[in-house]
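Participant: Before we start, here is the structure in question, set down as structure tokens.
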Amino acid sequence: MEGEMMTGNLAAAWGARLVDVDYVPAFPITPQTEIVEALAKWCESGAMAARFVTMDSEHSMMTAAGAAAATGARVFTATSSQGLLYALEVLYSVSGWRAPLVLVNVSRALAAPITLEPDHNDVLAARDCGFLQIHAETCQEVLDSILMAYRIAEDERVMLPVIVNLDGFYLSFTREPVIMPDPEQVKRFLPPFRPAHLGFKASSPHALGVAVLSGTPYSYFRHQMHLAAINALDVHREAAAAFEQLFGRRYDVVEGYRLDDAEDVLVMTNAFASKGKVAVDVARAEGKRVGLLRLRMIRPWPADAIRHALQGRRAVAVLDQNLSPGQGGILFQEVAACLYHEALRPRALCSFIGGLGGKNLSEGELRAIFEQTAEAGVQGKGIGPVLLYTEAEHREMVQLQVLAGGLKS
Amino acid sequence: MTWQRETFKKIKQIPREEHVLPGTALCAGCGGLEALRLAAKVLGGDVVYVNAAGCFTMLAAYPFTPFKGSWLYTTMGSAPAGAQGVRDALDVLIAKGRLPKEEDLKVVVLGGDGSTYDIALSSTSGAITRKLDFYYFCYDNEAYGNTGMQLSPATPYGARTTTSPCSLQHPAGTTQEKKDIFEIWRAHKPPYIATVAPRYPLDLEEKFARASKFTGPKLFLALSACPTGWLYDPGETPEVAKLAVETGLWPLKEAIDGQVTHTYIPKRKPVEEYLKLQGRFRHLFEPIRQDEAIRHIQARVDDYWKQVNG
């Protein structure tokens with residue numbers, strides 16, 4: 001097998017090393033810590049020409065990261081879960097400063113109850129903050145996405161920060177073969193960071209992040225961010241083409257898997273999409289015409305690509321590894337919204353919630369999704385949100401409740 | 001041993017050049033702005049101010065800024081971390097030859113007492129522990145001022161704020177004692193800390209000049225007499241600031257590597273003279289005089305100076 005075996009975390013650290021960042025403000029949190037440990041070691045040994053600083057919180061870490069990027073340094077940082085939410089206020093500021101840094105989030109479900117295992121409520125809480133979002137499925141994609149993220153973020157048409165997301169445990173601590181890009185090729189792919197409009201210096205004082213006194217300038221600046229985020233779709237396309245040319249691997253804003261003649265399509269993100277692809281193969285072997293659409297770019301929302309991939313299908317199921325209590329799956333809403341005006345929209349949209357807090361996604365559950373989605377397509381009526389939860393899991397939960405004293409056995 | 005000023009002996013020695021220009025949206029008579037204006041005369045123009053949410057946020061309101069230097073608005077809780085990012089980036093860019101040395105800037109955090117004493121305290125503690133080379137300028141008006149004078153940990157016993165009103169139960173209003181941020185800072189052992197009051201400009205300028213010789217955290221606590229919040233006529237700001245010092249309530253001091261020196265020893269007028277100038281203390285005098293509360297405030301000041309004088 002080509003490439004060297006490494007965890008998703010180490011692949012993320014290599015991404016930062018290969019783009020030759022100037023500055024890494026850090027704060028530990030499981031399951032992200034391995035990233036900053038690797039970077040600390042490399043900065044200390046001189047393998048990287050970057051300054052590494054351990055900050056006092058993620059809130060401070062993001063502030064230092066944004067401020068350094070606003071001063072003209074190429075900045076990398078990483079966090080997870082509670083840390084991302086602790087920094088959330090600052091994420092809005094950093095995008096408003098138009099400071100194009102890259103933040104890796106290693107997804108982990110949010111308290112309470114407190115847990116270490118992944119789902120996407122953390123990264124989707126940052127959905128509206130002005131950071132672009134790329135969600136990766138494999139360790140190779142983590143590394144490659146970081147290279148692409150810098151190129152997109154630093155493009156003058158964008159100038160927005162990017163979150164690259166990977167799943168805690170399933171990717172962060174899973175070793176996969178990763179082909180290491182050649183550093184000279186990386187330099188060709190990613191020009192040096194020399195922002196025209198950023199940087200504090202004596203000869204050209206400027207004020208950044210200032211107050212505005214009405215909605216008129218506020219709306220103007222926020223809408224500028226929206227337009228810049230939309231520009232990232234084109235910039236991503238260019239970056240993907242250049243990346244493919246140099247490195248031979250191709251990443252689009254969405255990835256179709258066995259979509260060509262698929263009647264029903266399952267929409268997924270992140271590492272569990274690999275399980276979804278296996279389930280597609282199994283269903284195909286049984287003669288079912290199913291496929292999978294993996295959403296890779298979440299912000300900007302690739303509405304056209306999603307519409308194009310889903311139009312004319314019988315039924316579409318969205319598997320959300322997140323839960324908006326009182327609503328359901330977050331990505332389901334977005335997929336549904338962009339299909340509304342599609343003349344050939346699917347006959348049924350189904351919403352499934354699975355993998356919360358790292359709960360396994362079994363073959364049986366995926367089979368059930370395909371069966372229920374096919375039936376919904378036949379009926380012309382969508383279902384959901386349906387929580388994926390097996391009988392065995394239910395029995396285990398009852399046992400736990402008995403032990404906790406809440407239920408009589 | 002008396003503290004000697006070396007750089008600023010006469011008013012005429014204070015630079016005439018202004019780096020914070022007039023015409024801001026701050027209140028008339030703002031003591032904090034006056035302290036900043038004086039500080040900037042020594043800090044100069046090659047400065048980036050890293051601001052925390054507070055009254056000073058209104059200084060740079062699009063499309064205006066009163067500063068000759070640069071400005072970065074951060075959050076209420078993390079301006080020192082913003083200073084860390086700017087300082088580190090300047091250092092790295094200069095070291096890598098991407099920024100000429102003469103483009104370097106002093107990094108100055110601006111924070112009110114709410115930010116300084118509470119929400120940004122861990123961020124400040126982190127920056128001092130990391131020995132960040134920066135200035136911290138706290139304008140202390142003893143309450144959350146920009147939101148309309150709510151209790152902050154800097155609010156002194158006996159002051160009335162909108163969230164610590166005086167009542168039959170609490171006739172003095174605020175019942176807490178002002179948090180001693182100077183001592184909290186000092187416990188971190190930064191190279192330089194000072195308290196200043198704009199009514200004592202030579203003392204203030206001298207301290208900024210002395211601080212400039214140190215690398216590392218240089219922390220200033222500036223008395224910010226506040227006509228809008230303390231309820232007195234804006235024209236009386238100098239008098240209020242003066243009495244804060246002359247009664248001994250606002251000691252002028254510095255700490256170099258933790259060694260404290262009082263830079264001015266007041267004759268100590270009764271605190272009553274300071275209190276009765278301000279609406280926030282009026283309930284201590286009418287309709288019923290709160291002798292116990294006034295005695296308490298006086299006793300706290302007496303105790304402080306007893307400990308200073310040994």
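Following the order of the structure tokens, first chain is A, next is B, and so on, with residues numbered from 1 inside each chain and ligands from 1 in the order they appear.
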What's around Tyr200 (chain B) at 9 Å? Count only C-alpha atoms, leave out sequence neighbours fewer than 5 positions away in its own chain, and write the answer as a ChimeraX atom specification.

Facilitator: /B:205,241-242

Participant: Write a file of the just-selected residues containing N, CA and C atoms, as a short mmCIF file (atom, residue, chain, number, x, y, z; two decimals), in the first residue's frame.

Facilitator:
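See again_37.cif below for the written result:
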```cif
data_model
loop_
_atom_site.label_atom_id
_atom_site.label_comp_id
_atom_site.auth_asym_id
_atom_site.auth_seq_id
_atom_site.Cartn_x
_atom_site.Cartn_y
_atom_site.Cartn_z
N GLU B 205 3.27 60.49 33.42
CA GLU B 205 4.24 60.44 32.31
C GLU B 205 5.53 59.75 32.73
N ALA B 241 -10.73 63.62 40.66
CA ALA B 241 -9.52 62.78 40.54
C ALA B 241 -8.50 63.19 41.59
N LYS B 242 -8.41 64.48 41.82
CA LYS B 242 -7.44 64.97 42.80
C LYS B 242 -7.81 64.47 44.20
#
```

Participant: Using only C-alpha atoms, find each residue in chain A having at least one atom no more than 10 Å away from chain B; report its shortest atom-to-atom pair and that distance in Å (one decimal), rows by chain then rising number, as a Markdown table.

Facilitator:
```
| residue | atom | partner | partner_atom | distance |
| --- | --- | --- | --- | --- |
| A:Asp22 | CA | B:Val92 | CA | 6.9 |
| A:Tyr23 | CA | B:Ala89 | CA | 7.2 |
| A:Val24 | CA | B:Gly85 | CA | 9.6 |
| A:Pro25 | CA | B:Gly85 | CA | 8.1 |
| A:Ala49 | CA | B:Lys96 | CA | 9.0 |
| A:Ala50 | CA | B:Val92 | CA | 7.7 |
| A:Arg51 | CA | B:Val92 | CA | 7.3 |
| A:Phe52 | CA | B:Asp88 | CA | 9.5 |
| A:Val53 | CA | B:Arg130 | CA | 8.7 |
| A:Thr54 | CA | B:Arg130 | CA | 8.8 |
| A:Met55 | CA | B:Gly126 | CA | 6.9 |
| A:Asp56 | CA | B:Gly126 | CA | 5.5 |
| A:Ser57 | CA | B:Ser123 | CA | 7.8 |
| A:His59 | CA | B:Ser78 | CA | 7.0 |
| A:Ser60 | CA | B:Ala81 | CA | 5.0 |
| A:Met61 | CA | B:Ala81 | CA | 7.1 |
| A:Met62 | CA | B:Ala81 | CA | 8.4 |
| A:Thr63 | CA | B:Gly82 | CA | 5.2 |
| A:Ala64 | CA | B:Gly85 | CA | 3.9 |
| A:Ala65 | CA | B:Gly85 | CA | 6.0 |
| A:Gly66 | CA | B:Gly85 | CA | 7.2 |
| A:Ala67 | CA | B:Gly85 | CA | 4.9 |
| A:Ala68 | CA | B:Gly85 | CA | 4.3 |
| A:Ala69 | CA | B:Ala89 | CA | 7.6 |
| A:Ala70 | CA | B:Val86 | CA | 7.8 |
| A:Thr71 | CA | B:Val86 | CA | 5.9 |
| A:Gly72 | CA | B:Ala89 | CA | 7.1 |
| A:Ala73 | CA | B:Ala89 | CA | 5.7 |
| A:Arg74 | CA | B:Ala89 | CA | 8.8 |
| A:Val75 | CA | B:Ala89 | CA | 9.2 |
| A:Glu89 | CA | B:Thr75 | CA | 8.0 |
| A:Val90 | CA | B:Thr75 | CA | 7.3 |
| A:Ser93 | CA | B:Thr74 | CA | 7.1 |
| A:Val94 | CA | B:Thr74 | CA | 8.8 |
| A:Trp97 | CA | B:Leu72 | CA | 9.1 |
| A:Arg194 | CA | B:Arg98 | CA | 9.0 |
| A:Gly199 | CA | B:Leu90 | CA | 9.0 |
| A:Phe200 | CA | B:Ser70 | CA | 6.8 |
| A:Lys201 | CA | B:Glu103 | CA | 5.0 |
| A:Ala202 | CA | B:Glu103 | CA | 4.6 |
| A:Ser203 | CA | B:Glu103 | CA | 6.3 |
| A:Ser204 | CA | B:Ser70 | CA | 8.3 |
| A:Pro205 | CA | B:Ser70 | CA | 4.7 |
| A:His206 | CA | B:Ser70 | CA | 4.8 |
| A:Ala207 | CA | B:Trp71 | CA | 4.4 |
| A:Leu208 | CA | B:Leu72 | CA | 4.9 |
| A:Gly209 | CA | B:Tyr73 | CA | 5.0 |
| A:Val210 | CA | B:Ala61 | CA | 5.6 |
| A:Ala211 | CA | B:Ala61 | CA | 4.6 |
| A:Val212 | CA | B:Tyr62 | CA | 5.2 |
| A:Leu213 | CA | B:Ala61 | CA | 6.9 |
| A:Ser214 | CA | B:Tyr62 | CA | 9.8 |
| A:Pro217 | CA | B:Tyr62 | CA | 8.2 |
| A:Tyr218 | CA | B:Tyr62 | CA | 9.9 |
```

Participant: The selected residues should be written to file as a compact mmCIF listing (two decimals), in the first residue's frame (atoms: N, CA and C atoms).

Facilitator:
```txt
# COMPACT_ATOMS: atom_id res chain seq x y z
N ASP A 22 3.48 30.28 10.11
CA ASP A 22 4.34 31.14 10.93
C ASP A 22 4.04 31.02 12.41
N TYR A 23 2.81 30.62 12.72
CA TYR A 23 2.35 30.79 14.11
C TYR A 23 1.30 29.75 14.45
N VAL A 24 1.46 29.15 15.64
CA VAL A 24 0.49 28.16 16.11
C VAL A 24 0.14 28.45 17.58
N PRO A 25 -0.93 29.18 17.84
CA PRO A 25 -1.41 29.28 19.21
C PRO A 25 -2.25 28.04 19.50
N ALA A 49 9.48 26.41 11.02
CA ALA A 49 9.91 27.77 11.37
C ALA A 49 8.71 28.57 11.86
N ALA A 50 8.04 28.03 12.87
CA ALA A 50 6.85 28.70 13.39
C ALA A 50 7.00 28.92 14.89
N ARG A 51 6.30 29.92 15.40
CA ARG A 51 6.26 30.12 16.85
C ARG A 51 5.04 29.39 17.40
N PHE A 52 5.27 28.59 18.41
CA PHE A 52 4.21 27.82 19.06
C PHE A 52 3.97 28.42 20.44
N VAL A 53 2.72 28.74 20.75
CA VAL A 53 2.40 29.32 22.05
C VAL A 53 1.21 28.59 22.66
N THR A 54 1.35 28.12 23.87
CA THR A 54 0.22 27.52 24.58
C THR A 54 -0.57 28.63 25.25
N MET A 55 -1.81 28.77 24.86
CA MET A 55 -2.64 29.85 25.38
C MET A 55 -3.41 29.39 26.62
N ASP A 56 -4.21 30.31 27.19
CA ASP A 56 -4.88 30.02 28.45
C ASP A 56 -6.31 29.51 28.27
N SER A 57 -6.80 29.48 27.05
CA SER A 57 -8.14 28.94 26.77
C SER A 57 -8.30 28.94 25.26
N HIS A 59 -10.71 30.42 23.83
CA HIS A 59 -11.15 31.79 23.53
C HIS A 59 -9.93 32.67 23.26
N SER A 60 -8.94 32.54 24.13
CA SER A 60 -7.70 33.29 23.94
C SER A 60 -6.94 32.78 22.71
N MET A 61 -6.96 31.47 22.54
CA MET A 61 -6.25 30.87 21.41
C MET A 61 -6.78 31.40 20.08
N MET A 62 -8.09 31.47 19.95
CA MET A 62 -8.66 31.96 18.69
C MET A 62 -8.39 33.45 18.52
N THR A 63 -8.41 34.20 19.63
CA THR A 63 -8.13 35.63 19.54
C THR A 63 -6.69 35.85 19.07
N ALA A 64 -5.76 35.11 19.67
CA ALA A 64 -4.36 35.25 19.27
C ALA A 64 -4.18 34.82 17.81
N ALA A 65 -4.86 33.75 17.44
CA ALA A 65 -4.75 33.24 16.06
C ALA A 65 -5.24 34.30 15.07
N GLY A 66 -6.41 34.85 15.34
CA GLY A 66 -6.98 35.86 14.44
C GLY A 66 -6.14 37.12 14.40
N ALA A 67 -5.68 37.54 15.58
CA ALA A 67 -4.89 38.77 15.64
C ALA A 67 -3.57 38.61 14.88
N ALA A 68 -2.98 37.42 14.98
CA ALA A 68 -1.71 37.18 14.27
C ALA A 68 -1.95 37.15 12.76
N ALA A 69 -3.04 36.52 12.35
CA ALA A 69 -3.35 36.49 10.92
C ALA A 69 -3.65 37.91 10.42
N ALA A 70 -4.31 38.69 11.26
CA ALA A 70 -4.60 40.08 10.89
C ALA A 70 -3.33 40.92 10.83
N THR A 71 -2.28 40.45 11.47
CA THR A 71 -1.00 41.16 11.42
C THR A 71 -0.17 40.73 10.21
N GLY A 72 -0.60 39.63 9.57
CA GLY A 72 0.07 39.22 8.34
C GLY A 72 0.79 37.88 8.41
N ALA A 73 0.60 37.14 9.52
CA ALA A 73 1.26 35.83 9.66
C ALA A 73 0.32 34.73 9.14
N ARG A 74 0.94 33.64 8.64
CA ARG A 74 0.12 32.47 8.28
C ARG A 74 -0.07 31.65 9.57
N VAL A 75 -1.31 31.40 9.92
CA VAL A 75 -1.63 30.85 11.24
C VAL A 75 -2.41 29.55 11.11
N GLU A 89 -17.46 32.93 20.12
CA GLU A 89 -17.56 34.39 20.01
C GLU A 89 -16.45 34.94 19.12
N VAL A 90 -15.27 34.39 19.31
CA VAL A 90 -14.11 34.91 18.59
C VAL A 90 -14.14 34.50 17.11
N SER A 93 -15.59 37.14 15.21
CA SER A 93 -14.70 38.30 15.08
C SER A 93 -13.64 38.05 14.02
N VAL A 94 -13.04 36.87 14.06
CA VAL A 94 -11.92 36.57 13.16
C VAL A 94 -12.39 36.59 11.70
N TRP A 97 -12.82 40.10 10.71
CA TRP A 97 -11.53 40.76 10.42
C TRP A 97 -11.01 40.35 9.05
N ARG A 194 1.04 36.92 1.46
CA ARG A 194 1.43 38.34 1.46
C ARG A 194 0.16 39.18 1.27
N GLY A 199 -2.34 43.62 8.05
CA GLY A 199 -1.01 43.83 8.62
C GLY A 199 -0.90 45.14 9.36
N PHE A 200 -0.48 45.06 10.62
CA PHE A 200 -0.25 46.27 11.40
C PHE A 200 1.21 46.66 11.24
N LYS A 201 1.45 47.90 10.82
CA LYS A 201 2.83 48.37 10.75
C LYS A 201 2.86 49.88 10.90
N ALA A 202 4.05 50.35 11.31
CA ALA A 202 4.19 51.76 11.66
C ALA A 202 3.86 52.69 10.50
N SER A 203 4.27 52.29 9.28
CA SER A 203 4.14 53.22 8.16
C SER A 203 2.71 53.34 7.64
N SER A 204 1.84 52.38 7.97
CA SER A 204 0.46 52.49 7.47
C SER A 204 -0.54 52.04 8.54
N PRO A 205 -0.75 52.93 9.52
CA PRO A 205 -1.68 52.57 10.59
C PRO A 205 -3.08 52.32 10.05
N HIS A 206 -3.77 51.38 10.64
CA HIS A 206 -5.17 51.20 10.28
C HIS A 206 -5.95 50.63 11.46
N ALA A 207 -7.26 50.73 11.38
CA ALA A 207 -8.13 50.26 12.45
C ALA A 207 -8.94 49.09 11.93
N LEU A 208 -9.00 48.02 12.71
CA LEU A 208 -9.67 46.80 12.28
C LEU A 208 -10.69 46.39 13.34
N GLY A 209 -11.84 45.94 12.86
CA GLY A 209 -12.86 45.45 13.79
C GLY A 209 -13.57 46.56 14.53
N VAL A 210 -13.57 47.76 13.96
CA VAL A 210 -14.12 48.93 14.65
C VAL A 210 -15.63 48.82 14.81
N ALA A 211 -16.16 49.65 15.71
CA ALA A 211 -17.61 49.72 15.90
C ALA A 211 -18.26 50.37 14.69
N VAL A 212 -19.48 49.97 14.41
CA VAL A 212 -20.29 50.71 13.44
C VAL A 212 -21.51 51.22 14.20
N LEU A 213 -22.04 52.32 13.71
CA LEU A 213 -23.09 52.97 14.49
C LEU A 213 -24.49 52.73 13.95
N SER A 214 -24.61 51.88 12.93
CA SER A 214 -25.96 51.58 12.45
C SER A 214 -25.93 50.31 11.62
N PRO A 217 -23.77 50.30 7.67
CA PRO A 217 -22.44 49.71 7.45
C PRO A 217 -22.38 48.26 7.90
N TYR A 218 -23.10 47.90 8.96
CA TYR A 218 -23.06 46.52 9.44
C TYR A 218 -23.53 45.57 8.34
```

Participant: Step one, run DSSP on the backbone; step two, keep only residues of region 282-382 of chain A assigned to helix (DSSP H, G or I); then write them as a PyMOL selection string.

Facilitator: chain A and resi 282-285+303-310+330-339+356-358+363-379

Participant: Write the residues of the selection above to a file with N, CA and C atoms, as a CSV table (one decimal), in the first residue's frame.

Facilitator:
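Now in selection.csv:
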```csv
chain,number,residue,atom,x,y,z
A,282,VAL,N,-23.0,-3.2,-0.7
A,282,VAL,CA,-23.8,-4.3,-0.3
A,282,VAL,C,-25.2,-4.3,-1.0
A,283,ALA,N,-25.8,-3.1,-0.9
A,283,ALA,CA,-27.2,-3.0,-1.5
A,283,ALA,C,-27.1,-3.2,-3.0
A,284,ARG,N,-26.1,-2.6,-3.6
A,284,ARG,CA,-25.9,-2.8,-5.1
A,284,ARG,C,-25.8,-4.3,-5.4
A,285,ALA,N,-25.0,-5.0,-4.6
A,285,ALA,CA,-24.8,-6.4,-4.9
A,285,ALA,C,-26.2,-7.2,-4.8
A,303,ALA,N,-25.0,24.5,-3.1
A,303,ALA,CA,-26.4,24.2,-3.5
A,303,ALA,C,-26.5,23.7,-4.9
A,304,ASP,N,-25.8,24.3,-5.8
A,304,ASP,CA,-25.9,23.8,-7.2
A,304,ASP,C,-25.4,22.4,-7.4
A,305,ALA,N,-24.3,22.1,-6.8
A,305,ALA,CA,-23.8,20.7,-6.9
A,305,ALA,C,-24.7,19.7,-6.2
A,306,ILE,N,-25.3,20.1,-5.1
A,306,ILE,CA,-26.2,19.2,-4.4
A,306,ILE,C,-27.5,19.0,-5.3
A,307,ARG,N,-28.0,20.1,-5.8
A,307,ARG,CA,-29.2,20.0,-6.7
A,307,ARG,C,-28.9,19.1,-7.9
A,308,HIS,N,-27.8,19.3,-8.5
A,308,HIS,CA,-27.4,18.6,-9.7
A,308,HIS,C,-27.3,17.1,-9.4
A,309,ALA,N,-26.8,16.8,-8.2
A,309,ALA,CA,-26.6,15.4,-7.8
A,309,ALA,C,-27.9,14.7,-7.4
A,310,LEU,N,-28.8,15.4,-6.9
A,310,LEU,CA,-30.0,14.8,-6.4
A,310,LEU,C,-31.3,15.0,-7.3
A,330,ILE,N,-29.7,18.9,11.1
A,330,ILE,CA,-29.4,20.2,10.6
A,330,ILE,C,-29.2,20.2,9.1
A,331,LEU,N,-28.4,19.2,8.6
A,331,LEU,CA,-28.1,19.2,7.2
A,331,LEU,C,-29.4,18.8,6.4
A,332,PHE,N,-30.3,18.1,7.0
A,332,PHE,CA,-31.5,17.7,6.3
A,332,PHE,C,-32.2,19.0,5.9
A,333,GLN,N,-32.3,20.0,6.8
A,333,GLN,CA,-33.0,21.2,6.5
A,333,GLN,C,-32.4,21.9,5.3
A,334,GLU,N,-31.0,21.9,5.3
A,334,GLU,CA,-30.3,22.6,4.2
A,334,GLU,C,-30.5,21.9,2.9
A,335,VAL,N,-30.4,20.6,2.9
A,335,VAL,CA,-30.6,19.8,1.7
A,335,VAL,C,-32.0,20.1,1.1
A,336,ALA,N,-33.0,20.0,2.0
A,336,ALA,CA,-34.4,20.2,1.6
A,336,ALA,C,-34.6,21.6,1.0
A,337,ALA,N,-34.0,22.6,1.7
A,337,ALA,CA,-34.2,23.9,1.2
A,337,ALA,C,-33.7,24.1,-0.2
A,338,CYS,N,-32.6,23.5,-0.5
A,338,CYS,CA,-32.0,23.8,-1.9
A,338,CYS,C,-32.7,22.9,-2.9
A,339,LEU,N,-33.5,22.0,-2.5
A,339,LEU,CA,-34.2,21.2,-3.5
A,339,LEU,C,-35.6,21.7,-3.8
A,356,LEU,N,-24.9,9.6,17.0
A,356,LEU,CA,-24.7,10.7,18.0
A,356,LEU,C,-23.7,10.2,19.1
A,357,GLY,N,-22.8,11.1,19.5
A,357,GLY,CA,-21.9,10.8,20.6
A,357,GLY,C,-21.0,9.6,20.2
A,358,GLY,N,-20.8,9.4,18.9
A,358,GLY,CA,-19.9,8.3,18.4
A,358,GLY,C,-20.6,6.9,18.4
A,363,GLU,N,-24.3,-2.0,9.9
A,363,GLU,CA,-24.8,-2.4,8.6
A,363,GLU,C,-26.3,-2.5,8.6
A,364,GLY,N,-26.9,-3.0,9.7
A,364,GLY,CA,-28.3,-3.2,9.8
A,364,GLY,C,-29.0,-1.8,9.7
A,365,GLU,N,-28.5,-0.8,10.4
A,365,GLU,CA,-29.1,0.5,10.4
A,365,GLU,C,-29.0,1.1,9.0
A,366,LEU,N,-27.9,0.9,8.3
A,366,LEU,CA,-27.8,1.5,6.9
A,366,LEU,C,-28.8,0.7,6.0
A,367,ARG,N,-28.9,-0.6,6.2
A,367,ARG,CA,-29.8,-1.4,5.4
A,367,ARG,C,-31.3,-0.8,5.6
A,368,ALA,N,-31.6,-0.5,6.9
A,368,ALA,CA,-32.9,0.0,7.2
A,368,ALA,C,-33.1,1.3,6.6
A,369,ILE,N,-32.1,2.1,6.5
A,369,ILE,CA,-32.2,3.5,5.9
A,369,ILE,C,-32.6,3.3,4.4
A,370,PHE,N,-31.9,2.4,3.7
A,370,PHE,CA,-32.2,2.2,2.3
A,370,PHE,C,-33.6,1.6,2.1
A,371,GLU,N,-34.0,0.7,3.0
A,371,GLU,CA,-35.3,0.1,2.8
A,371,GLU,C,-36.4,1.2,3.1
A,372,GLN,N,-36.3,1.9,4.2
A,372,GLN,CA,-37.3,2.9,4.5
A,372,GLN,C,-37.3,4.0,3.5
A,373,THR,N,-36.2,4.4,2.9
A,373,THR,CA,-36.1,5.4,1.9
A,373,THR,C,-36.8,5.0,0.6
A,374,ALA,N,-36.5,3.7,0.2
A,374,ALA,CA,-37.1,3.2,-1.0
A,374,ALA,C,-38.7,3.2,-0.8
A,375,GLU,N,-39.1,2.8,0.3
A,375,GLU,CA,-40.6,2.7,0.6
A,375,GLU,C,-41.1,4.2,0.5
A,376,ALA,N,-40.4,5.1,1.1
A,376,ALA,CA,-40.9,6.5,1.1
A,376,ALA,C,-40.9,7.0,-0.3
A,377,GLY,N,-40.0,6.6,-1.1
A,377,GLY,CA,-40.0,7.0,-2.5
A,377,GLY,C,-41.2,6.5,-3.3
A,378,VAL,N,-41.5,5.2,-3.0
A,378,VAL,CA,-42.7,4.6,-3.6
A,378,VAL,C,-43.9,5.3,-3.2
A,379,GLN,N,-44.0,5.6,-1.9
A,379,GLN,CA,-45.2,6.3,-1.4
A,379,GLN,C,-45.3,7.8,-1.8
```

Participant: Could you pull out all residues of region 18-247 of chain B with a DSSP call of strand (DSSP E) and give them as a PyMOL selection string?

Facilitator: chain B and resi 47-51+70-73+106-112+134-140+192-196+217-223

Participant: Between CA of Ile179 (chain A) and CA of Leu246 (chain A), what distance in Å does the model show, to one decimal?

Facilitator: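 So the two atoms, CA of Ile179 (chain A) and CA of Leu246 (chain A), lie 13.0 Å apart.
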
Participant: Name the residues in contact with region 146-161 of chain B at a cut-off of 7 Å, using only C-alpha atoms, excluding same-chain residues fewer than 3 positions from it; report them as a tab-separated table (two decimals) with C-alpha atoms, in the first residue's frame.

Facilitator:
```tsv
chain	number	residue	atom	x	y	z
B	54	GLY	CA	-15.99	48.81	27.03
B	55	CYS	CA	-16.43	52.58	26.85
B	113	ASP	CA	-12.45	47.61	34.87
B	114	GLY	CA	-15.18	45.10	34.01
B	117	TYR	CA	-11.00	42.69	36.89
B	142	GLU	CA	-15.39	51.35	39.08
B	143	ALA	CA	-18.44	49.96	37.26
B	164	SER	CA	-26.34	47.54	43.63
B	165	PRO	CA	-28.92	50.15	44.58
B	166	CYS	CA	-29.22	51.40	48.13
B	172	ALA	CA	-24.74	51.69	51.72
B	173	GLY	CA	-25.54	50.31	48.25
B	174	THR	CA	-22.52	48.25	47.25
B	175	THR	CA	-21.49	45.92	50.07
B	176	GLN	CA	-18.40	44.34	48.50
B	177	GLU	CA	-14.88	45.72	48.78
B	178	LYS	CA	-13.09	46.73	45.59
B	179	LYS	CA	-11.06	43.84	44.21
B	229	GLY	CA	-21.58	57.29	36.13
B	280	ARG	CA	-23.16	57.73	43.52
B	281	PHE	CA	-22.42	58.35	47.22
B	293	ALA	CA	-20.74	53.36	56.14
```

Participant: Could you list, as number ranges by chain, every residue within 12 Å of Trp185 (chain B), counting only C-alpha atoms and ignoring same-chain residues fewer than 4 positions away?

Facilitator: B: 116-117, 121-122, 124-129, 136, 179-181, 189-195, 217-221, 254-258

Participant: Give me the residues near region 184-193 of chain A as number ranges by chain, where near means some atom within 12 Å (using only C-alpha atoms) and where sequence neighbours in that chain fewer than 5 positions away do not count.

Facilitator: A: 14-22, 69-75, 99-101, 143-144, 146-156, 159, 198-199, 238-248; B: 93, 98

Participant: Which distance in Å separates CA of Gln133 (chain A) and CA of Leu323 (chain A), to one decimal?

Facilitator: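 Between CA of Gln133 (chain A) and CA of Leu323 (chain A) the gap works out to 18.4 Å.
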
Participant: Report, in Å with one decimal, the straight-line distance from CA of Pro171 (chain B) to CA of Asn141 (chain B).

Facilitator: 21.8 Å

Participant: Write out as a list in words which residues come within 8 Å of Arg345 (chain A) when counting only C-alpha atoms, dropping same-chain ones fewer than 4 positions away.

Facilitator: Leu310, Gln311, Gly312, Arg313, Leu339, Tyr340 and His341 of chain A

Participant: Given the selection you just returned, output its residues as a file containing C-alpha atoms, formatted as a PDB file, in the first residue's frame.

Facilitator:
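Written file, selection_6.pdb:
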```
ATOM      1  CA  LEU A 310     -30.037  14.823  -6.376  1.00  0.00           C
ATOM      2  CA  GLN A 311     -32.391  15.950  -9.119  1.00  0.00           C
ATOM      3  CA  GLY A 312     -34.509  13.223 -10.659  1.00  0.00           C
ATOM      4  CA  ARG A 313     -33.895  10.716  -7.853  1.00  0.00           C
ATOM      5  CA  LEU A 339     -34.222  21.161  -3.536  1.00  0.00           C
ATOM      6  CA  TYR A 340     -37.493  23.037  -3.101  1.00  0.00           C
ATOM      7  CA  HIS A 341     -37.382  24.881  -6.426  1.00  0.00           C
TER       8      HIS A 341
END
```
